[in-house]
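Peer 1: Just dropping this structure here.
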Amino acid sequence: MASPVDAALKVAWDELGDRESLMPDLDADAVVARADTGELTAAAPRLLELAVSGQAGRDGAHGLIRRLRPLLVERGSERKVVIDVLDAWWHTTLALDEAEPGRDTPPASAVLGALAQTDEPLVRWLEPWLADLDGPSARHLAALVLDGLRGEAWDAVPDKREQVLAWAASEPVVFGLTLVGGVHLAEGELSDVFDRLL
């Protein structure tokens, strides 16, 4: 059975791309060049595929996602296809542990940094996180708070970085960690998180 991300990517290829073209085989630099010279819609499935698979090249996932912004402006089929992949990527990230053996899962803070490059309101990504502060989601949140939001993706959207940090220190999140998420953290980690937040 295909993962939600794989299923969403299949729809992206079916609706926007051409699997019979060279596009599915292009590396990040080549697909970026095609996207930047008028083939953004046709390149979108490959840009998404590279971003979510950790093969984004020198632009990073955030750079590839930023390129997709023109497809997200108007409510239509292109927007829906791209958003469906990003939603699936985000929900999958929150559900998986970074530390699981054999898994190379990016931290939620890195994925959120890529998603923050869109013009979508942050609440789109933060609401599902707050709704499920259990297990891996709690550990991802603790890592975000303890590690901070550093890197090129967050440097490109400093206002959104401040919004995320303010959200993490908000009453609902603190209560969620206290009542639900804290049990999933290592000994002393909840105290360290609160030291940073409060």
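Letters A, B, ... go to the chains of the structure tokens in the order shown; residues in each chain start at 1; ligands are counted from 1 in the same order.
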Show which residues sit within 8 Å of region 157-174 of chain A, as JSON, numbers by chain. Count only C-alpha atoms, and ignore same-chain residues fewer than 3 positions away.
Peer 2: {"A": [116, 117, 122, 130, 141, 145, 149, 153, 154, 177, 178, 194, 197, 198]}
Peer 1: The selected residues should be written to file as an mmCIF file, in the first residue's frame (atoms: N, CA, C and O atoms).
Peer 2:
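Dumped everything to selection.cif:
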```cif
data_model
loop_
_atom_site.group_PDB
_atom_site.id
_atom_site.type_symbol
_atom_site.label_atom_id
_atom_site.label_comp_id
_atom_site.auth_asym_id
_atom_site.auth_seq_id
_atom_site.Cartn_x
_atom_site.Cartn_y
_atom_site.Cartn_z
ATOM 1 N N ALA A 116 6.868 26.815 5.341
ATOM 2 C CA ALA A 116 6.717 28.244 5.629
ATOM 3 C C ALA A 116 7.069 29.111 4.428
ATOM 4 O O ALA A 116 6.762 30.312 4.420
ATOM 5 N N GLN A 117 7.683 28.547 3.409
ATOM 6 C CA GLN A 117 8.032 29.310 2.208
ATOM 7 C C GLN A 117 6.802 29.590 1.353
ATOM 8 O O GLN A 117 6.836 30.438 0.463
ATOM 9 N N LEU A 122 0.300 29.951 8.685
ATOM 10 C CA LEU A 122 0.964 28.921 9.489
ATOM 11 C C LEU A 122 -0.025 28.039 10.237
ATOM 12 O O LEU A 122 0.278 26.880 10.542
ATOM 13 N N LEU A 130 -0.970 20.721 17.085
ATOM 14 C CA LEU A 130 -1.568 20.903 18.406
ATOM 15 C C LEU A 130 -2.644 19.857 18.669
ATOM 16 O O LEU A 130 -2.806 19.385 19.794
ATOM 17 N N LEU A 141 8.010 18.520 18.689
ATOM 18 C CA LEU A 141 7.832 19.854 19.252
ATOM 19 C C LEU A 141 8.946 20.178 20.249
ATOM 20 O O LEU A 141 9.503 21.281 20.246
ATOM 21 N N VAL A 145 11.703 23.307 19.965
ATOM 22 C CA VAL A 145 11.933 24.306 21.009
ATOM 23 C C VAL A 145 13.392 24.285 21.467
ATOM 24 O O VAL A 145 14.027 25.327 21.612
ATOM 25 N N LEU A 149 14.870 27.473 15.734
ATOM 26 C CA LEU A 149 14.548 27.466 14.303
ATOM 27 C C LEU A 149 15.670 28.187 13.571
ATOM 28 O O LEU A 149 15.603 29.384 13.313
ATOM 29 N N ALA A 153 16.202 28.243 5.612
ATOM 30 C CA ALA A 153 14.752 28.306 5.420
ATOM 31 C C ALA A 153 14.135 29.318 6.368
ATOM 32 O O ALA A 153 13.344 30.179 5.961
ATOM 33 N N TRP A 154 14.502 29.249 7.645
ATOM 34 C CA TRP A 154 13.925 30.164 8.634
ATOM 35 C C TRP A 154 14.494 31.565 8.492
ATOM 36 O O TRP A 154 13.789 32.549 8.777
ATOM 37 N N LEU A 177 1.429 19.971 26.036
ATOM 38 C CA LEU A 177 2.653 19.273 26.428
ATOM 39 C C LEU A 177 2.565 18.777 27.869
ATOM 40 O O LEU A 177 2.981 17.659 28.180
ATOM 41 N N THR A 178 2.001 19.593 28.734
ATOM 42 C CA THR A 178 1.903 19.221 30.145
ATOM 43 C C THR A 178 0.988 18.025 30.349
ATOM 44 O O THR A 178 1.323 17.079 31.072
ATOM 45 N N PHE A 194 10.195 23.815 28.898
ATOM 46 C CA PHE A 194 9.522 24.919 29.568
ATOM 47 C C PHE A 194 10.506 26.032 29.944
ATOM 48 O O PHE A 194 10.155 27.207 29.927
ATOM 49 N N LEU A 197 10.684 28.041 26.860
ATOM 50 C CA LEU A 197 9.446 28.687 26.439
ATOM 51 C C LEU A 197 8.983 29.777 27.380
ATOM 52 O O LEU A 197 8.412 30.782 26.943
ATOM 53 N N LEU A 198 9.160 29.559 28.682
ATOM 54 C CA LEU A 198 8.514 30.449 29.658
ATOM 55 C C LEU A 198 9.493 31.412 30.305
ATOM 56 O O LEU A 198 10.661 31.269 30.280
#
```
Peer 1: Can you list, as JSON, numbers by chain, all residues belonging to region 69-161 of chain A that DSSP tags as alpha helix (DSSP H)?
Peer 2: {"A": [69, 70, 71, 72, 77, 78, 79, 80, 81, 82, 83, 84, 85, 86, 87, 88, 89, 90, 91, 92, 93, 94, 95, 108, 109, 110, 111, 112, 113, 114, 115, 123, 124, 125, 126, 127, 128, 129, 130, 131, 136, 137, 138, 139, 140, 141, 142, 143, 144, 145, 146, 147, 152, 153, 154, 155, 156, 158, 159, 160, 161]}
Peer 1: Excluding region 48-65 of chain A and any residue of its chain fewer than 2 positions from it, enumerate the residues within 6 Å of it, using only C-alpha atoms, and give them as number ranges by chain.
Peer 2: A: 28, 45-46, 67-68, 114, 153
Peer 1: Write a file of the selected residues as a short mmCIF file (atom, residue, chain, number, x, y, z; two decimals), in the first residue's frame, keeping N, CA and C atoms.
Peer 2:
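Result written to selection_39.cif:
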```
data_model
loop_
_atom_site.label_atom_id
_atom_site.label_comp_id
_atom_site.auth_asym_id
_atom_site.auth_seq_id
_atom_site.Cartn_x
_atom_site.Cartn_y
_atom_site.Cartn_z
N ALA A 28 18.02 17.84 -9.15
CA ALA A 28 17.45 19.08 -8.64
C ALA A 28 17.85 20.29 -9.48
N PRO A 45 5.61 18.26 -10.11
CA PRO A 45 5.69 16.95 -9.45
C PRO A 45 7.12 16.55 -9.09
N ARG A 46 8.06 16.85 -9.97
CA ARG A 46 9.46 16.50 -9.68
C ARG A 46 10.02 17.39 -8.57
N ARG A 67 9.67 27.88 -4.99
CA ARG A 67 9.42 28.01 -6.42
C ARG A 67 7.99 27.68 -6.81
N LEU A 68 7.31 26.89 -5.98
CA LEU A 68 5.94 26.47 -6.29
C LEU A 68 4.89 27.51 -5.93
N ALA A 114 10.38 24.50 5.35
CA ALA A 114 10.09 24.43 3.91
C ALA A 114 8.66 24.86 3.63
N ALA A 153 16.20 28.24 5.61
CA ALA A 153 14.75 28.31 5.42
C ALA A 153 14.14 29.32 6.37
#
```
Peer 1: How far is it from CA of Val5 (chain A) to CA of Ala88 (chain A), in Å with one decimal?
Peer 2: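 If I compute the distance from CA of Val5 (chain A) to CA of Ala88 (chain A), I get 5.1 Å.
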Peer 1: With distances taken over only C-alpha atoms, which of A:Val180, A:Gly151, A:Phe175, A:Ala156 is nearest to Asp132 (chain A)?
Peer 2: A:Val180
Peer 1: Which is closest to Asp97 (chain A) among A:Arg66, A:Arg124, A:Arg75, A:His140, if we use only C-alpha atoms?
Peer 2: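 Once distances to Asp97 (chain A) are computed over only C-alpha atoms, the minimum belongs to A:His140.
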Peer 1: When you draw a straight line from CA of Arg79 (chain A) to CA of Lys10 (chain A), how long is it in Å?
Peer 2: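 If I compute the distance from CA of Arg79 (chain A) to CA of Lys10 (chain A), I get 15.2 Å.
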Peer 1: Report, in Å to a single decimal, how far apart CA of Asp25 (chain A) and CA of Ala110 (chain A) are.
Peer 2: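 Separation of CA of Ala110 (chain A) and CA of Asp25 (chain A): 25.1 Å.
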Peer 1: Have a look at A:Leu146, A:Arg69, A:Trp89, A:Asp119 and name the one nearest to Thr105 (chain A); count only C-alpha atoms.
Peer 2: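 Among the listed residues, A:Trp89 lies closest to Thr105 (chain A).
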